[in-house]
Every structure is written in structure tokens, then in C-alpha cells.
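Visitor: A single structure is presented below for examination.
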Amino acid sequence: MRKQPIVNQQIHELSARRQNPSTLQVHLIWMLVMFMVKILFSCEPAKKSALTKALETDQYAAESLARIGYTLREIEGKVYVLFSTEKTSYVKEKLKDVAALVEGAEAEKIIAQIESEADSAAQGFGSMFG
């Protein structure tokens, strides 16, 4: 992948133009989000303990699934785990024996459902203190 050199080049260009830090920070955040990929896995409820063990293995290691971050949900009788990361090959390698990759229309539907639940939960929490 040639993502890193492009990011370094854009950072250098912004620094050369002497833009204020807030503009530079906005561009850096945008570049990080741009490279994030949503990847969804599923497994049967009977395998949830194995999935949880794989997700929590080496939590404090420099590279681990726990540090990448994930959302774990039970929907329609299955257990789903959603990642937003650029390290897709690492995630696939770690979960290959425990969960199946979900792709296509089914993945889009489940991802939308997970994100809408998270948004409504955030709105509900905000209204408590609003």
C-alpha cells in the first residue's frame, strides 16, 4: 500500500504553506478517516466465547484487536463484530478461525443498523444532560 507516502507528502505541503495548526489538524483527521474501512464479521452465538477471547487477546500489545477498537452486537440470532480500521488484513488474519467475513448487501444492512443504534444511544444520552 502506498498510503503512508501520500499522507507524508500532504503533511509536508501543508507545513510548507505555513497554514495554522487548526487547518493542519483538520486535514490530518480527514486523511485518517479517509483510509478507514468498515469490516464486518459474524459468528453463531455458540462461538461467542471464542470470538470474545480472540478480541481480547493481548489487549495491551502495540497491535491488537482491542486497541483497534470494535463494536460487538447480537442481531437476528447472530453475533456481529464491526471494525473501522485500515488494518483489514490484520483483522482478517486474527478472526479467520472464529468468525466469517460478511460482505455485500447484508453487510451494508447490518452496518447501518449498528450505526443507527449507536447514534440513537448517543442522542438519548445527550438528552439526559441536554
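Just remember, in the C-alpha cells the first chain shown is A, the second B, etc., residues are 1-based per chain, and ligands are 1-based in the order shown.
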Where does DSSP see strand (DSSP E or B) in segment 58-92 of chain A, if you list the residues as a PyMOL selection string?

Guide: chain A and resi 71-75+78-85

Visitor: Write the residues of the selection above to a file with N, CA, C and O atoms, as a short mmCIF file (atom, residue, chain, number, x, y, z; two decimals), in the first residue's frame.

Guide:
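Below is the file result.cif, written as the result:
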```
data_model
loop_
_atom_site.label_atom_id
_atom_site.label_comp_id
_atom_site.auth_asym_id
_atom_site.auth_seq_id
_atom_site.Cartn_x
_atom_site.Cartn_y
_atom_site.Cartn_z
N THR A 71 -17.06 -2.89 17.60
CA THR A 71 -18.41 -2.87 18.15
C THR A 71 -18.96 -4.28 18.04
O THR A 71 -18.99 -4.85 16.95
N LEU A 72 -19.41 -4.82 19.15
CA LEU A 72 -19.92 -6.18 19.21
C LEU A 72 -21.42 -6.12 19.47
O LEU A 72 -21.86 -5.49 20.43
N ARG A 73 -22.22 -6.74 18.60
CA ARG A 73 -23.69 -6.72 18.73
C ARG A 73 -24.28 -8.09 18.39
O ARG A 73 -23.76 -8.80 17.53
N GLU A 74 -25.39 -8.40 19.04
CA GLU A 74 -26.18 -9.59 18.68
C GLU A 74 -27.41 -9.09 17.95
O GLU A 74 -28.21 -8.34 18.49
N ILE A 75 -27.55 -9.51 16.69
CA ILE A 75 -28.66 -9.09 15.84
C ILE A 75 -29.19 -10.31 15.11
O ILE A 75 -28.42 -11.06 14.49
N LYS A 78 -27.55 -13.78 15.50
CA LYS A 78 -26.12 -13.91 15.20
C LYS A 78 -25.33 -12.87 15.98
O LYS A 78 -25.87 -11.84 16.37
N VAL A 79 -24.07 -13.13 16.15
CA VAL A 79 -23.17 -12.18 16.81
C VAL A 79 -22.35 -11.51 15.72
O VAL A 79 -21.73 -12.19 14.89
N TYR A 80 -22.35 -10.18 15.72
CA TYR A 80 -21.60 -9.41 14.72
C TYR A 80 -20.55 -8.56 15.42
O TYR A 80 -20.79 -8.04 16.51
N VAL A 81 -19.41 -8.42 14.77
CA VAL A 81 -18.36 -7.53 15.26
C VAL A 81 -17.95 -6.62 14.10
O VAL A 81 -17.66 -7.09 13.00
N LEU A 82 -17.98 -5.31 14.36
CA LEU A 82 -17.69 -4.29 13.35
C LEU A 82 -16.40 -3.57 13.70
O LEU A 82 -16.22 -3.11 14.83
N PHE A 83 -15.52 -3.46 12.72
CA PHE A 83 -14.27 -2.71 12.87
C PHE A 83 -14.27 -1.55 11.89
O PHE A 83 -14.75 -1.68 10.77
N SER A 84 -13.71 -0.42 12.29
CA SER A 84 -13.42 0.69 11.38
C SER A 84 -11.92 0.90 11.46
O SER A 84 -11.41 1.50 12.41
N THR A 85 -11.20 0.40 10.48
CA THR A 85 -9.74 0.39 10.54
C THR A 85 -9.13 0.34 9.16
O THR A 85 -9.80 -0.01 8.19
#
```

Visitor: Give me the residues near Ala107 of chain A as a list in words, where near means some atom within 9 Å (using only C-alpha atoms) and where sequence neighbours in that chain fewer than 5 positions away do not count.

Guide: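 Result of the neighbour search: Ile39, Leu40, Phe41, Leu101, Val102 and Ala112 of chain A.
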
Visitor: Can you tell me which residues surround Asp97 of chain A at a distance of at most 10 Å, considering only C-alpha atoms, apart from same-chain residues fewer than 3 positions away, and format the answer as number ranges by chain?

Guide: A: 50-51, 54, 92-94, 100

Visitor: Enumerate the residues of segment 34-85 of chain A with a DSSP assignment of alpha helix (DSSP H), computed from the backbone, and present them as a PyMOL selection string.

Guide: chain A and resi 34+48-56+65-68

Visitor: Just to be explicit: take each residue in the selection above, keep all heavy atoms, and write the result as a CSV table (one decimal), in the first residue's frame.

Guide:
```
chain,number,residue,atom,x,y,z
A,34,MET,N,-10.3,9.0,5.9
A,34,MET,CA,-10.4,8.6,4.5
A,34,MET,C,-9.9,7.2,4.3
A,34,MET,O,-10.4,6.4,3.5
A,34,MET,CB,-9.6,9.6,3.6
A,34,MET,CG,-9.8,9.4,2.2
A,34,MET,SD,-8.9,10.6,1.2
A,34,MET,CE,-7.2,10.1,1.4
A,48,LYS,N,-19.6,-17.4,20.6
A,48,LYS,CA,-19.3,-16.0,21.1
A,48,LYS,C,-18.1,-16.0,22.1
A,48,LYS,O,-17.4,-15.0,22.1
A,48,LYS,CB,-20.6,-15.5,21.8
A,48,LYS,CG,-20.4,-14.0,22.2
A,48,LYS,CD,-21.7,-13.5,22.8
A,48,LYS,CE,-21.4,-12.0,23.3
A,48,LYS,NZ,-22.6,-11.4,23.8
A,49,SER,N,-18.0,-17.0,22.9
A,49,SER,CA,-16.9,-17.0,23.9
A,49,SER,C,-15.6,-17.1,23.2
A,49,SER,O,-14.6,-16.4,23.5
A,49,SER,CB,-17.0,-18.1,24.9
A,49,SER,OG,-17.0,-19.4,24.2
A,50,ALA,N,-15.5,-17.9,22.1
A,50,ALA,CA,-14.2,-17.9,21.3
A,50,ALA,C,-13.9,-16.6,20.6
A,50,ALA,O,-12.8,-16.2,20.5
A,50,ALA,CB,-14.3,-19.1,20.3
A,51,LEU,N,-15.0,-16.0,20.1
A,51,LEU,CA,-14.8,-14.7,19.5
A,51,LEU,C,-14.4,-13.6,20.5
A,51,LEU,O,-13.4,-12.9,20.2
A,51,LEU,CB,-16.2,-14.2,18.8
A,51,LEU,CG,-16.2,-12.8,18.2
A,51,LEU,CD1,-15.2,-12.7,17.1
A,51,LEU,CD2,-17.6,-12.5,17.8
A,52,THR,N,-15.0,-13.6,21.7
A,52,THR,CA,-14.6,-12.7,22.7
A,52,THR,C,-13.1,-12.9,23.1
A,52,THR,O,-12.4,-11.9,23.3
A,52,THR,CB,-15.5,-12.8,23.9
A,52,THR,OG1,-16.9,-12.6,23.5
A,52,THR,CG2,-15.2,-11.8,25.0
A,53,LYS,N,-12.7,-14.1,23.2
A,53,LYS,CA,-11.4,-14.4,23.6
A,53,LYS,C,-10.4,-13.9,22.5
A,53,LYS,O,-9.4,-13.3,22.9
A,53,LYS,CB,-11.2,-16.0,23.8
A,53,LYS,CG,-9.8,-16.4,24.2
A,53,LYS,CD,-9.7,-17.8,24.4
A,53,LYS,CE,-8.3,-18.2,24.8
A,53,LYS,NZ,-8.1,-19.7,25.0
A,54,ALA,N,-10.7,-14.1,21.3
A,54,ALA,CA,-9.9,-13.6,20.2
A,54,ALA,C,-9.8,-12.1,20.2
A,54,ALA,O,-8.7,-11.5,19.9
A,54,ALA,CB,-10.4,-14.1,18.8
A,55,LEU,N,-10.9,-11.4,20.5
A,55,LEU,CA,-11.0,-10.0,20.5
A,55,LEU,C,-10.1,-9.4,21.7
A,55,LEU,O,-9.6,-8.3,21.6
A,55,LEU,CB,-12.4,-9.5,20.6
A,55,LEU,CG,-13.3,-9.7,19.4
A,55,LEU,CD1,-14.7,-9.4,19.7
A,55,LEU,CD2,-12.8,-8.9,18.2
A,56,GLU,N,-10.1,-10.1,22.8
A,56,GLU,CA,-9.4,-9.6,24.0
A,56,GLU,C,-8.0,-10.1,24.2
A,56,GLU,O,-7.4,-9.7,25.2
A,56,GLU,CB,-10.3,-9.9,25.2
A,56,GLU,CG,-11.6,-9.2,25.2
A,56,GLU,CD,-12.5,-9.5,26.3
A,56,GLU,OE1,-12.2,-10.5,27.1
A,56,GLU,OE2,-13.6,-8.9,26.4
A,65,LEU,N,-6.5,-6.4,18.5
A,65,LEU,CA,-7.9,-6.1,18.1
A,65,LEU,C,-8.5,-5.1,19.1
A,65,LEU,O,-9.3,-4.2,18.7
A,65,LEU,CB,-8.7,-7.3,17.9
A,65,LEU,CG,-8.2,-8.3,16.8
A,65,LEU,CD1,-9.1,-9.6,16.9
A,65,LEU,CD2,-8.3,-7.7,15.5
A,66,ALA,N,-8.2,-5.3,20.3
A,66,ALA,CA,-8.7,-4.4,21.4
A,66,ALA,C,-8.3,-3.0,21.2
A,66,ALA,O,-9.0,-2.0,21.4
A,66,ALA,CB,-8.3,-4.9,22.8
A,67,ARG,N,-7.0,-2.8,20.8
A,67,ARG,CA,-6.5,-1.4,20.5
A,67,ARG,C,-7.1,-0.8,19.2
A,67,ARG,O,-7.3,0.4,19.2
A,67,ARG,CB,-5.0,-1.4,20.4
A,67,ARG,CG,-4.4,-1.7,21.8
A,67,ARG,CD,-3.0,-1.3,21.8
A,67,ARG,NE,-2.9,0.0,22.5
A,67,ARG,CZ,-1.7,0.5,22.7
A,67,ARG,NH1,-0.6,0.0,22.3
A,67,ARG,NH2,-1.7,1.7,23.4
A,68,ILE,N,-7.4,-1.6,18.3
A,68,ILE,CA,-8.0,-1.1,17.0
A,68,ILE,C,-9.4,-0.6,17.4
A,68,ILE,O,-9.8,0.4,16.9
A,68,ILE,CB,-8.1,-2.2,16.0
A,68,ILE,CG1,-6.6,-2.5,15.5
A,68,ILE,CG2,-9.0,-1.8,14.8
A,68,ILE,CD1,-6.6,-3.7,14.5
```

Visitor: Tell me, in Å to one decimal, how far atom CA of Thr88 of chain A is from atom CA of Ala118 of chain A.

Guide: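 Computed distance, atom CA of Thr88 of chain A to atom CA of Ala118 of chain A, equals 22.1 Å.
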
Visitor: Could you please determine the separation between atom CA of Pro45 of chain A and atom CA of Gly77 of chain A in Å, to one decimal place?

Guide: 7.2 Å

Visitor: Expressed in Å to a single decimal, how great is the separation between atom CA of Ile114 of chain A and atom CA of Glu76 of chain A?

Guide: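 Between atom CA of Ile114 of chain A and atom CA of Glu76 of chain A the gap is 12.1 Å.
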
Visitor: Between A:Cys43, A:Lys109, A:Leu95, A:Asp119, which residue has the minimum interatomic distance to Ser64 of chain A, considering only C-alpha atoms?

Guide: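 Checking each of A:Cys43, A:Lys109, A:Leu95, A:Asp119 against Ser64 of chain A, counting only C-alpha atoms, the winner is A:Leu95.
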
Visitor: Just the residues within 10 Å of Glu63 of chain A, please, counting only C-alpha atoms, with nothing from its chain fewer than 5 positions along; format it as number ranges by chain.

Guide: A: 58, 68, 87, 90
